[in-house]
Amino acid sequence: MRKSRSQIHDSFSIQPPKSSPKRIYQVWKGNNNFCCGGRVILGPDASSLFLTSFLIGCPAVAFCIKMALHMKPQDTIFNHQILLGGLVLTVLDLGFLFLTSLGDPGIIPRNTKPPEPTSDDDEVGKSTSFDWVNGKPSSRSLRLPRLKEVKLVTGETVQVKFCETCLLYRTPRASHCSICNNCVQRFDHHCPWVGQCIGERNYSFFFCFISSSTALCIYVFTCSWVNILRQDCSFWTAVSRDFLSVVLILYCFIVVWFVGGLTVFHFYLISTNQTTYESFRYRYDRKVNPFNRGILSNFRQVFLSRIPPSLVKFRAWISEDDPDVQSSVFLYCNMEPLGEGVIAFSAPPTDA
C-alpha cells in the first residue's frame with residue numbers, strides 16, 4: 001500500500017517536459033520561406049526567382065560568350081569594351097535581383113493579441129470590429145474602430161487601418177500582402193518575378209533591378225544589330241549566318257517593352273512619391289498627395305536615405321510555451337518611430 005502511494009506521488013510530481021526554444025523564423029506565421037538559419041527571407045513563390053534568373057542570365061551569357069569567341073587579336077579595344085559592358089550589366093542586373101528578393105522588404109511584427117481599447121475607441125467604435133479580451137472571446141465587448149487618424153510631421157492627417165490578421169494598426173502607407181500574409185511598410189506590390197513583396201527596405205533595389213534590366217536589353221539589342229551590320233556581306237546573308245544575334249534582337253525587343261514600361265512607370269511613381277498600391281487605389285491625381293515633397297526630395301528619399309533596420313529579429317530565440325515571451329517579441333503597438341513621420345493618433349470624427 002505504501003509502495004502504491006509513493007508511486008502515485010511520484011507520477012504527480014513529474015513535470016511535463018518543456019519544449020526546446022526555437023528561433024522566430026521557425027514559428028513565424030507568415031507564408032515566407034527562410035534559408036541559412038533565417039538570414040535569407042523569401043516569399044512563398046520564391047521558385048519564380050530561378051525562372052527570372054534564367055530569363056536574364058541565359059541571353060546575357062550567350063551574348064557575352066559570342067562576343068568572346070568571335071574576338072580576334074586584330075580587333076580594336078572597342079570590341080573588348082562591348083564584352084566588358086555586357087558582363088558588368090549582367091552582374092549588376094542579377095545582383096539587384098537577389099538583393100530585392102532575398103531580404104526583408106519591411107515586414108511589420110504582428111501582435112499576439114489586439115491592443116487594449118481606449119476611451120476614444122469606445123466612443124467611435126460603434127461598429128464592432130473585434131469582441132476580444134486578451135485575444136479570447138468574452139461577453140464584454142471591446143470595440144476597436146477599423147480606422148484611426150494619424151497626424152504627420154507635415155501637419156497632414158491620414159487614416160490608418162486595423163489589420164485583423166496581424167492585430168495592429170498599420171503605419172501610414174503600409175498594407176497587408178495576402179500572398180506573404182504580412183503587413184509591409186510602404187507596401188508597393190508583390191512582384192511574382194522576384195517572388196517577394198516590394199516595400200520600404202527593398203524598393204530602391206527593385207527600381208535598380210528593372211532599370212538595369214532595361215539597360216541590358218537595349219545594350220544587347222544594339223550590339224547584336226552592330227554584329228549583323230558590320231559583316232562584309234549582304235544583309236540577308238548576315239542574318240542567315242548570325243542566327244544567335246537575330247534571336248537576341250527579337251528577344252530583347254519583346255522584353256524591353258515590359259521592363260522599359262515598368263521602369264518609366266516607377267520613375268513617375270518616385271517623382272510623385274507614390275506606391276503602386278496607392279496609385280491604383282487612392283488616385284492622387286484627383287486629390288492632394290500628403291507624402292509628396294517635390295521631385296528632388298522624393299528621389300533623395302528613395303535612393304539617398306538610409307535603409308531602415310529590420311523590425312523583426314528572425315534569428316532571435318523564443319519559447320512557444322511562454323505566451324508572454326511571444327508577446328514581448330512580436331508586440332507592435334507604438335506608431336511613433338515608424339512610418340512617414342507619425343506623431344500622434346487621433347480618433348476619426350463621429351457623425352452627430
# chains A, B, ... in the order shown; residues from 1 in each chain; ligands from 1
$ residues_around --residues "Asp104 of chain A" --least-positions-apart "2" --cutoff "9 Å" --atoms "only C-alpha atoms" --output "list in words"
Val40, Ile41, Leu42, Thr100, Ser101, Leu102, Gly106, Ile107, Gln196, Cys197, Gly199, Arg201, Asn202, Ser310 and Val312 of chain A
$ residues_around --residues "Ser245 of chain A" --least-positions-apart "3" --cutoff "12 Å" --atoms "only C-alpha atoms" --output "PDB file with C-alpha atoms, in the first residue's frame"
ATOM      1  CA  PRO A  59      20.588  35.505 -73.223  1.00  0.00           C
ATOM      2  CA  ALA A  60      23.133  37.742 -71.469  1.00  0.00           C
ATOM      3  CA  ALA A  62      25.041  33.777 -74.638  1.00  0.00           C
ATOM      4  CA  PHE A  63      25.771  37.313 -75.858  1.00  0.00           C
ATOM      5  CA  CYS A  64      28.991  37.534 -73.829  1.00  0.00           C
ATOM      6  CA  ILE A  65      30.181  34.104 -74.997  1.00  0.00           C
ATOM      7  CA  LYS A  66      29.504  35.036 -78.610  1.00  0.00           C
ATOM      8  CA  MET A  67      31.495  38.255 -78.266  1.00  0.00           C
ATOM      9  CA  VAL A 220      22.290  43.588 -76.169  1.00  0.00           C
ATOM     10  CA  PHE A 221      19.728  44.714 -78.766  1.00  0.00           C
ATOM     11  CA  THR A 222      22.032  47.447 -80.101  1.00  0.00           C
ATOM     12  CA  CYS A 223      25.219  45.392 -80.070  1.00  0.00           C
ATOM     13  CA  SER A 224      23.513  42.479 -81.806  1.00  0.00           C
ATOM     14  CA  TRP A 225      22.478  44.808 -84.613  1.00  0.00           C
ATOM     15  CA  VAL A 226      26.066  46.041 -84.837  1.00  0.00           C
ATOM     16  CA  ASN A 227      27.301  42.442 -85.121  1.00  0.00           C
ATOM     17  CA  ILE A 228      24.998  41.872 -88.084  1.00  0.00           C
ATOM     18  CA  LEU A 229      25.553  45.171 -89.898  1.00  0.00           C
ATOM     19  CA  ALA A 238      24.499  38.166 -92.482  1.00  0.00           C
ATOM     20  CA  VAL A 239      21.137  37.374 -90.899  1.00  0.00           C
ATOM     21  CA  SER A 240      21.276  33.776 -92.084  1.00  0.00           C
ATOM     22  CA  ARG A 241      24.834  33.390 -90.757  1.00  0.00           C
ATOM     23  CA  ASP A 242      24.324  35.061 -87.379  1.00  0.00           C
ATOM     24  CA  LEU A 248      18.751  38.141 -79.219  1.00  0.00           C
ATOM     25  CA  ILE A 249      17.326  41.062 -81.189  1.00  0.00           C
ATOM     26  CA  LEU A 250      13.817  39.580 -81.170  1.00  0.00           C
ATOM     27  CA  TYR A 251      14.031  38.567 -77.518  1.00  0.00           C
ATOM     28  CA  CYS A 252      15.267  41.960 -76.312  1.00  0.00           C
TER      29      CYS A 252
END
$ residues_around --residues "Tyr277 of chain A" --least-positions-apart "2" --cutoff "7 Å" --atoms "only C-alpha atoms" --output "PDB file with N, CA, C and O atoms, in the first residue's frame"
ATOM      1  N   ASP A 188       4.437  48.458 -51.787  1.00  0.00           N
ATOM      2  CA  ASP A 188       4.255  48.852 -53.179  1.00  0.00           C
ATOM      3  C   ASP A 188       3.437  47.798 -53.931  1.00  0.00           C
ATOM      4  O   ASP A 188       2.375  48.094 -54.457  1.00  0.00           O
ATOM      5  N   HIS A 189       3.910  46.582 -53.959  1.00  0.00           N
ATOM      6  CA  HIS A 189       3.178  45.469 -54.574  1.00  0.00           C
ATOM      7  C   HIS A 189       3.936  44.183 -54.285  1.00  0.00           C
ATOM      8  O   HIS A 189       5.053  44.213 -53.776  1.00  0.00           O
ATOM      9  N   THR A 275       3.207  54.902 -54.275  1.00  0.00           N
ATOM     10  CA  THR A 275       3.459  53.487 -54.467  1.00  0.00           C
ATOM     11  C   THR A 275       2.479  52.956 -55.508  1.00  0.00           C
ATOM     12  O   THR A 275       1.492  53.615 -55.837  1.00  0.00           O
ATOM     13  N   SER A 279      -1.249  54.284 -56.135  1.00  0.00           N
ATOM     14  CA  SER A 279      -1.585  54.812 -57.451  1.00  0.00           C
ATOM     15  C   SER A 279      -2.900  54.241 -57.973  1.00  0.00           C
ATOM     16  O   SER A 279      -3.699  54.959 -58.579  1.00  0.00           O
ATOM     17  N   PHE A 280      -3.120  52.967 -57.720  1.00  0.00           N
ATOM     18  CA  PHE A 280      -4.338  52.336 -58.232  1.00  0.00           C
ATOM     19  C   PHE A 280      -5.514  52.466 -57.269  1.00  0.00           C
ATOM     20  O   PHE A 280      -6.661  52.399 -57.701  1.00  0.00           O
ATOM     21  N   ARG A 281      -5.228  52.652 -55.974  1.00  0.00           N
ATOM     22  CA  ARG A 281      -6.319  52.688 -55.006  1.00  0.00           C
ATOM     23  C   ARG A 281      -6.782  54.098 -54.673  1.00  0.00           C
ATOM     24  O   ARG A 281      -7.974  54.374 -54.603  1.00  0.00           O
TER      25      ARG A 281
END
$ atom_distance --atom1 "atom CA of Ser212 of chain A" --atom2 "atom CA of Asp93 of chain A"
5.4 Å
$ closest_residue --among "A:Thr165, A:Gln185, A:Thr52, A:Gln231" --to "Thr112 of chain A" --atoms "only C-alpha atoms"
A:Thr165
$ closest_residue --among "A:Leu262, A:Leu83, A:Phe54, A:Asp45" --to "Asn31 of chain A" --atoms "only C-alpha atoms"
A:Asp45
$ residues_around --residues "Asn181 of chain A" --least-positions-apart "3" --cutoff "6 Å" --atoms "only C-alpha atoms" --output "ChimeraX atom specification"
/A:30-31,177-178
$ select_by_dssp --residues "segment 24-87 of chain A" --states "helix (DSSP H, G or I)" --output "VMD selection string"
chain A and resid 24 to 27 48 to 69 77 to 87
$ residues_around --residues "Val91 of chain A" --least-positions-apart "6" --cutoff "12 Å" --atoms "only C-alpha atoms" --output "PyMOL selection string"
chain A and resi 53+56-57+60-61+64+84-85+97-98+209+212-213+216
$ closest_residue --among "A:Lys161, A:Arg230, A:Lys313, A:Lys148" --to "His176 of chain A" --atoms "only C-alpha atoms"
A:Lys161
